[in-house]
Amino acid sequence: MPSRPKKFAFAGGNPNPIDYTSREYESIRQDLLTYAKRYYPDSLRDFSENSFGSFLIDSISYVGDILSFYMDYNANEAFLDTASQFNNIVRLAKNSGYKYPGRASSYGVIAMYVIVPSNNAGTGPDPDYLKLTIKRNTRVRADGSGASFLLLDNVRFDRAYNDSVVARVDETTGVPTAYALKSYGRVISGQFAVKNITIGNFQKFRQVIISDSKVSEILTVVDSDGNRYYEVDYLSQNVVYREVANPNGSSDGVPSIMKPVAVPRRFVTERRRSDTVLQFGYGSEEELKKPSVANPKNILLDIFGKDYFTDVSFDPSKLMGTDKFGVGPANTTLTVTYRQNSPGSSNIPSGRLSTIASLNYEFDDPSKLNKTTRSEVLASLECYNESPIVGDISVLSKEEIRQHALDMFPTQNRAVTKLDYEAIVYAMHPKFGSVRRCAIFQDPDSLKRNLNLYILSENRNRQLTIASDALKRNLKTWLMRYKMLNDTIDVLDGKIVNIGINFTAKMLPGRDRESVLSDCLNRIKNATSPKYYFGEPFDIARIYKLINTVPGVMDCLKVELVVKSGSPYSSTRFNLDRNISADGTQLNVPKNVILEVKFANVDVKGSLR
């Protein structure tokens with residue numbers, strides 16, 4: 001039996017107290033030197049830089065410094081408030097109920113046009129050629145930038161509300177021979193990409209990594225046997241809602257219906273900075289033999305990019321008798337189809353989306369159609385975006401993710417307070433459209449609990465702009481899942497006030513005028529580049545302070561704000577003099593207004609004396 005180790009002997013029998021505050025290299029080294037000189041004066045005498053004793057003390061101090069660093073690092077990375085690594089912040093945010101959305105997308109509406117022959121009497125379009133469906137995932141491309149967009153809806157031209165005008169007439173009789181029809185469809189920025197991933201032997205909770213920083217949405221995952229895996233919010237959920245074509249869609253105006261489907265093969269998605277991880281369960285094929293009783297009655301969600309969606313409130317334990325969280329893939333090849341999105345080409349002005357790059361179409365009964373006439377109808381297809389397609393194209397920073405997670409945690413998937421609503425608005429998936437700034441207030445003119453939600457989006461130049469109608473509709477649908485029953489919400493456009501800054505400063509003698517002026521301008525531009533919030537005042541005193549801290553500036557003499565109006569600025573009317581504080585140090589704005597320095601290179605001007 002090994003003997004117990006002996007205790008250390010200390011001089012005089014009294015141990016030297018340990019100083020736990022010494023954690024970096026220099027303090028640890030100094031403590032060791034003091035200890036050695038005090039308690040081992042006869043054994044260790046040489047503490048010069050080249051001595052063996054100094055080597056031991058330096059090595060121990062080096063190790064102690066590293067251990068202290070990693071202890072602090074691991075402690076900081078374990079909490080959302082202090083974490084600094086992007087992936088750790090995303091992981092901790094997920095524990096707070098916030099799901100990092102990944103690459104943002106732009107969302108909008110396009111008009112589609114087609115010319116179809118008239119009926120025999122010339123009184124309207126031929127109904128056989130009119131039954132044309134431009135199917136979802138048709139790809140359209142913007143002129144100039146080459147930005148790619150995908151169609152989210154099946155576009156039909158036989159709806160009663162579609163616009164129709166005479167396109168061609170017989171020159172002899174004047175009878176219409178063709179009609180032009182117009183319909184609308186929703187589009188989302190991005191293009192398709194496919195990856196084939198080989199899967200080996202069965203592995204519990206297998207993770208499949210897609211190394212692509214441009215992934216916006218996982219569309220389909222299919223193995224080599226044709227089995228499809230569905231994305232869910234949590235692995236314990238095993239019901240999704242698939243879209244099924246409505247046979248009576250032409251008459252009742254509802255093109256699709258929802259069908260609940262039990263999905264034993266499923267996965268969850270985890271977003272990271274540069275890749276996307278698909279997490280599967282650890283069930284086997286034997287789990288599929290258990291009966292399913294999926295029969296949900298209420299559907300509250302909407303479909304956008306995928307052809308199915310999940311119901312997070314449904315109890316999965318009543319659907320399938322399994323605790324394996326789904327069937328994991330094994331000995332197969334997974335074909336993953338996803339949507340890529342490049343933020344540099346996600347926003348486009350009106351009139352640019354006019355090229356159909358990849359057409360996906362279907363006629364109800366092609367056997368009744370003349371082949372040549374059918375080709376002419378397809379060749380006449382055109383598209384056009386009547387309004388700009390804009391959205392928040394910037395990637396969320398670490399601080400934004402941290403703040404969204406902190407705001408999302410107390411909401412508990414319901415909206416009661418103002419902060420709850422704002423957190424849920426920012427948490428909306430980017431495939432629905434992204435909101436750059438929002439604010440919600442009680443409607444003072446309403447006798448009930450009506451709320452006014454003000455929002456603003458962002459254009460391709462990262463400047464604030466009015467959100468599209470399609471984004472507002474999506475936002476209202478999104479809030480229906482969380483709002484209180486007695487709350488009514490009006491989604492309104494926020495107001496933008498563009499301002500310019502003019503300053504005058506006195507320069508110290510002997511300084512270079514151009515460099516001092518350039519330094520002043522750069523500091524003001526950097527200070528005003530972050531986007532303001534609704535109702536946030538402009539601190540004029542801060543501009544004085546920034547200019548006074550520039551080397552070479554003796555004193556800032558004057559700072560003047562001006563309202564920039566007319567194209568390409570905002571058209572909001574704003575009385576500058578009436579909203580500046582009495583001491584002239586702050587510009588106040590109403591709660592539905594945001595200040596913006598739109599063109600910093602032009603709107604910030606200064607002179608030196």
# chains A, B, ... in the order shown; residues from 1 in each chain; ligands from 1
$ select_by_dssp --residues "segment 447-585 of chain A" --states "strand (DSSP E or B)" --output "PyMOL selection string"
chain A and resi 450-458+464-465+488-493+495-507+538-539+553-563+580
$ residues_around --residues "Ile66 of chain A" --least-positions-apart "5" --cutoff "9 Å" --atoms "only C-alpha atoms" --output "compact mmCIF listing (two decimals) with all heavy atoms, in the first residue's frame"
# COMPACT_ATOMS: atom_id res chain seq x y z
N GLU A 24 -1.61 37.17 -12.82
CA GLU A 24 -0.86 37.36 -14.05
C GLU A 24 0.61 37.07 -13.81
O GLU A 24 1.07 36.89 -12.68
CB GLU A 24 -1.06 38.77 -14.61
CG GLU A 24 -0.46 39.87 -13.78
CD GLU A 24 -1.30 40.28 -12.61
OE1 GLU A 24 -2.43 39.76 -12.49
OE2 GLU A 24 -0.82 41.09 -11.79
N TYR A 25 1.37 37.05 -14.88
CA TYR A 25 2.76 36.58 -14.86
C TYR A 25 3.60 37.35 -13.86
O TYR A 25 4.27 36.74 -13.01
CB TYR A 25 3.34 36.70 -16.26
CG TYR A 25 4.80 36.33 -16.36
CD1 TYR A 25 5.20 35.01 -16.52
CD2 TYR A 25 5.79 37.31 -16.29
CE1 TYR A 25 6.53 34.66 -16.61
CE2 TYR A 25 7.13 36.98 -16.37
CZ TYR A 25 7.50 35.65 -16.54
OH TYR A 25 8.82 35.32 -16.63
N SER A 61 5.50 30.75 -13.28
CA SER A 61 4.71 31.97 -13.50
C SER A 61 4.02 31.95 -14.85
O SER A 61 2.87 32.37 -14.99
CB SER A 61 5.62 33.20 -13.39
OG SER A 61 6.26 33.25 -12.14
N MET A 71 -8.96 30.09 -17.33
CA MET A 71 -10.02 30.00 -16.34
C MET A 71 -10.97 31.19 -16.49
O MET A 71 -12.20 31.03 -16.46
CB MET A 71 -9.42 29.98 -14.94
CG MET A 71 -10.46 29.85 -13.82
SD MET A 71 -9.70 29.65 -12.21
CE MET A 71 -8.81 31.22 -12.07
$ residues_around --residues "segment 333-350 of chain A" --least-positions-apart "4" --cutoff "6 Å" --atoms "only C-alpha atoms" --output "ChimeraX atom specification"
/A:106,147,189-199,214-224,385-390,393,460
$ atom_distance --atom1 "atom CA of Asp539 of chain A" --atom2 "atom CA of Asn579 of chain A"
12.4 Å
$ residues_around --residues "Val589 of chain A" --least-positions-apart "6" --cutoff "7 Å" --atoms "only C-alpha atoms" --output "MDAnalysis selection string"
chainID A and resid 535:537 579
$ write_last_selection --atoms "C-alpha atoms" --output "CSV table (one decimal), in the first residue's frame"
chain,number,residue,atom,x,y,z
A,535,GLY,CA,-37.6,59.0,-30.5
A,536,GLU,CA,-33.8,59.1,-29.8
A,537,PRO,CA,-32.6,62.7,-29.5
A,579,ASN,CA,-37.4,70.9,-31.4
$ decode --residues "segment 436-462 of chain A" --atoms "C-alpha atoms" --output "short mmCIF file (atom, residue, chain, number, x, y, z; two decimals), in the first residue's frame"
data_model
loop_
_atom_site.label_atom_id
_atom_site.label_comp_id
_atom_site.auth_asym_id
_atom_site.auth_seq_id
_atom_site.Cartn_x
_atom_site.Cartn_y
_atom_site.Cartn_z
CA ARG A 436 -34.26 47.42 -39.05
CA ARG A 437 -35.95 49.61 -36.44
CA CYS A 438 -39.31 49.33 -34.68
CA ALA A 439 -41.20 50.99 -31.83
CA ILE A 440 -44.67 50.32 -30.43
CA PHE A 441 -46.91 52.76 -28.55
CA GLN A 442 -50.42 52.91 -27.19
CA ASP A 443 -52.77 54.62 -29.63
CA PRO A 444 -53.95 57.76 -27.78
CA ASP A 445 -57.00 58.12 -30.03
CA SER A 446 -58.31 54.60 -29.43
CA LEU A 447 -60.79 53.73 -26.69
CA LYS A 448 -59.63 50.11 -26.77
CA ARG A 449 -56.13 48.70 -26.35
CA ASN A 450 -55.00 49.49 -29.86
CA LEU A 451 -51.26 49.59 -30.46
CA ASN A 452 -49.37 51.49 -33.15
CA LEU A 453 -46.29 49.65 -34.37
CA TYR A 454 -43.87 51.86 -36.30
CA ILE A 455 -41.27 50.13 -38.46
CA LEU A 456 -38.54 51.02 -40.93
CA SER A 457 -36.50 48.84 -43.24
CA GLU A 458 -33.13 49.33 -44.94
CA ASN A 459 -32.13 49.71 -48.58
CA ARG A 460 -29.14 48.20 -50.35
CA ASN A 461 -26.95 51.13 -49.26
CA ARG A 462 -27.83 50.41 -45.59
#
